[in-house]
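Enquirer: First the structure, then my questions, so here it is.
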Amino acid sequence: MKLFTMIFLSVFLGKSCSSQTKNDLKTAIVEYTANTRGFYQKVVIQNQMVTVSNDRRSGEKPVATTVSDADWKELVGYFESIELDSLATLKAPTEKRFYDGAAIANLKIVYKDKTYETAAFDHGFPPEGIKKLVDKINSFAKK
């Protein structure tokens, strides 16, 4: 009986600890913005829906479209690998935004009532820790 109890507790505690380390994209809001004087792009992902806006002044609300299951699975994988607390400390690999060589980009994630935000980086040249996620987000804007 003791052996059964030890095995049960080990499995139960092991499962609860591993599930706490993964981020859940279904409950998060991911917002990517890139802008300069003549360019604007905002992509918002929430609950397997994506909205893309290319006009900062438009009063129209962008139309939400459903993310395919394959794309969603890929996004979830990238999102789970990100350490949210370190987003603000990521260093941009280039500085083209300082001389209008690239749009200024920013990634903001609202997860469990807490907002995580990166420092500004160049659109098209995200920090290495979020590169795959940002590239996937930008692929929705090209469609």
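Note on naming: chains are A, B, ... as they come in the structure tokens, residues start from 1 per chain, ligands start from 1 in the order shown.
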Name the residues in contact with range 130-138 of chain A at a cut-off of 7 Å, using only C-alpha atoms, excluding same-chain residues fewer than 5 positions from it; report them as JSON, numbers by chain.

Expert: {"A": [75, 78, 79, 82]}

Enquirer: Could you take the residues named above and write them with N, CA, C and O atoms, as a compact mmCIF listing (two decimals), in the first residue's frame?

Expert:
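Generated file (part_0.txt):
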```txt
# COMPACT_ATOMS: atom_id res chain seq x y z
N LEU A 75 2.72 28.07 -33.21
CA LEU A 75 2.74 29.23 -32.32
C LEU A 75 2.81 28.82 -30.86
O LEU A 75 3.56 29.41 -30.08
N TYR A 78 6.34 27.78 -29.94
CA TYR A 78 7.23 28.92 -29.77
C TYR A 78 6.92 29.69 -28.49
O TYR A 78 7.81 30.12 -27.77
N PHE A 79 5.63 29.85 -28.19
CA PHE A 79 5.22 30.60 -27.01
C PHE A 79 5.64 29.88 -25.72
O PHE A 79 6.07 30.51 -24.76
N ILE A 82 9.30 30.50 -24.58
CA ILE A 82 9.72 31.84 -24.18
C ILE A 82 9.67 31.99 -22.66
O ILE A 82 8.72 31.57 -22.01
```

Enquirer: Can you pull out every residue within 8 Å of range 47-58 of chain A, counting only C-alpha atoms, but drop anything in the same chain fewer than 6 positions away, and send it as a short mmCIF file (atom, residue, chain, number, x, y, z; two decimals) with N, CA, C and O atoms, in the first residue's frame?

Expert:
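Output saved as result_17.cif:
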```cif
data_model
loop_
_atom_site.label_atom_id
_atom_site.label_comp_id
_atom_site.auth_asym_id
_atom_site.auth_seq_id
_atom_site.Cartn_x
_atom_site.Cartn_y
_atom_site.Cartn_z
N LEU A 25 -0.91 29.62 -24.39
CA LEU A 25 -1.23 30.65 -25.38
C LEU A 25 -2.72 30.94 -25.45
O LEU A 25 -3.12 32.04 -25.80
N LYS A 26 -3.57 29.96 -25.08
CA LYS A 26 -5.01 30.18 -25.16
C LYS A 26 -5.48 31.31 -24.24
O LYS A 26 -6.45 31.99 -24.52
N THR A 27 -4.79 31.50 -23.13
CA THR A 27 -5.21 32.53 -22.17
C THR A 27 -4.41 33.82 -22.31
O THR A 27 -4.58 34.73 -21.52
N ALA A 28 -3.53 33.89 -23.31
CA ALA A 28 -2.67 35.05 -23.49
C ALA A 28 -3.15 35.92 -24.65
O ALA A 28 -3.85 35.47 -25.54
N ILE A 29 -2.74 37.18 -24.62
CA ILE A 29 -2.95 38.11 -25.73
C ILE A 29 -1.55 38.53 -26.19
O ILE A 29 -0.78 39.07 -25.40
N PHE A 39 4.85 53.85 -42.08
CA PHE A 39 4.50 52.42 -42.02
C PHE A 39 3.90 52.11 -40.66
O PHE A 39 4.37 52.60 -39.63
N TYR A 40 2.87 51.28 -40.67
CA TYR A 40 2.27 50.84 -39.42
C TYR A 40 1.75 49.43 -39.61
O TYR A 40 1.12 49.10 -40.62
N GLN A 41 2.02 48.58 -38.63
CA GLN A 41 1.50 47.21 -38.64
C GLN A 41 1.25 46.77 -37.20
O GLN A 41 2.12 46.93 -36.34
N ALA A 64 -11.12 39.80 -37.62
CA ALA A 64 -10.39 38.67 -37.01
C ALA A 64 -10.56 37.44 -37.89
O ALA A 64 -11.65 37.16 -38.37
N THR A 65 -9.46 36.73 -38.09
CA THR A 65 -9.50 35.49 -38.84
C THR A 65 -8.96 34.36 -37.96
O THR A 65 -8.14 34.59 -37.07
N THR A 66 -9.41 33.17 -38.24
CA THR A 66 -9.00 32.00 -37.45
C THR A 66 -7.64 31.51 -37.91
O THR A 66 -7.37 31.43 -39.10
N VAL A 67 -6.80 31.18 -36.95
CA VAL A 67 -5.48 30.62 -37.23
C VAL A 67 -5.65 29.12 -37.47
O VAL A 67 -6.35 28.44 -36.71
N SER A 68 -5.04 28.60 -38.53
CA SER A 68 -5.16 27.17 -38.82
C SER A 68 -4.56 26.35 -37.68
O SER A 68 -3.71 26.84 -36.93
N TRP A 72 -1.37 27.23 -35.42
CA TRP A 72 -1.60 27.41 -33.98
C TRP A 72 -0.67 26.51 -33.17
O TRP A 72 -0.08 26.94 -32.18
N PHE A 140 1.52 36.12 -40.58
CA PHE A 140 0.07 36.37 -40.67
C PHE A 140 -0.22 37.70 -41.34
O PHE A 140 -1.23 37.87 -41.98
N ALA A 141 0.68 38.67 -41.18
CA ALA A 141 0.48 39.98 -41.78
C ALA A 141 0.70 39.94 -43.29
O ALA A 141 0.16 40.77 -44.02
#
```

Enquirer: Do you have the CA of Ala34 in chain A-CA of Lys22 in chain A distance handy?

Expert: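 According to the coordinates, CA of Ala34 in chain A and CA of Lys22 in chain A are separated by 27.3 Å.
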
Enquirer: For CA of Asn23 in chain A and CA of Glu80 in chain A, determine how far apart the two atoms are, in Å to one decimal place.

Expert: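 Computed distance, CA of Asn23 in chain A to CA of Glu80 in chain A, equals 4.9 Å.
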
Enquirer: Go through A:Glu128, A:Asp24, A:Asp69, A:Glu74 and flag the residue nearest Val110 in chain A, using only C-alpha atoms for the distances.

Expert: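 Looking at the shortest contact to Val110 in chain A, the residue is A:Asp24.
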
Enquirer: If you run DSSP on the backbone, which residues of range 76-114 of chain A are helix (DSSP H, G or I), as an mmCIF file with C-alpha atoms, in the first residue's frame?

Expert:
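Saved the output as out_6.cif:
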```cif
data_model
loop_
_atom_site.group_PDB
_atom_site.id
_atom_site.type_symbol
_atom_site.label_atom_id
_atom_site.label_comp_id
_atom_site.auth_asym_id
_atom_site.auth_seq_id
_atom_site.Cartn_x
_atom_site.Cartn_y
_atom_site.Cartn_z
ATOM 1 C CA VAL A 76 2.029 27.344 -29.103
ATOM 2 C CA GLY A 77 5.411 25.615 -29.341
ATOM 3 C CA TYR A 78 7.231 28.924 -29.767
ATOM 4 C CA PHE A 79 5.218 30.595 -27.009
ATOM 5 C CA GLU A 80 5.895 27.791 -24.523
ATOM 6 C CA LEU A 84 8.258 35.809 -20.173
ATOM 7 C CA ASP A 85 10.110 37.433 -17.277
ATOM 8 C CA SER A 86 13.184 37.960 -19.445
ATOM 9 C CA LEU A 87 11.377 39.716 -22.330
ATOM 10 C CA ALA A 88 12.301 43.191 -21.110
ATOM 11 C CA THR A 89 16.006 42.312 -20.950
ATOM 12 C CA LYS A 96 18.684 50.266 -37.853
ATOM 13 C CA ARG A 97 15.685 51.913 -36.222
ATOM 14 C CA PHE A 98 17.964 54.695 -34.954
ATOM 15 C CA TYR A 99 18.464 56.082 -38.461
#
```

Enquirer: What is the CA of Ala92 in chain A-CA of Asp122 in chain A distance in Å, reported with one decimal?

Expert: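 Here the two named atoms are 7.2 Å from each other.
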
Enquirer: I'd like to know which of A:Asp71, A:Asp100, A:Asp113, A:Glu95 is closest to Thr36 in chain A, using only C-alpha atoms.

Expert: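 The shortest atom-to-atom distance to Thr36 in chain A comes from A:Asp100.
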
Enquirer: If you run DSSP on this backbone, which residues of range 3-143 of chain A come out as strand (DSSP E), and could you give them as a PyMOL selection string?

Expert: chain A and resi 29-35+40-46+49-53+64-66+104-111+114-117+121-122

Enquirer: Using only C-alpha atoms, find the one residue out of A:Gln46, A:Ser139, A:Thr118, A:Ser81 that sits nearest to Ile104 in chain A.

Expert: A:Thr118
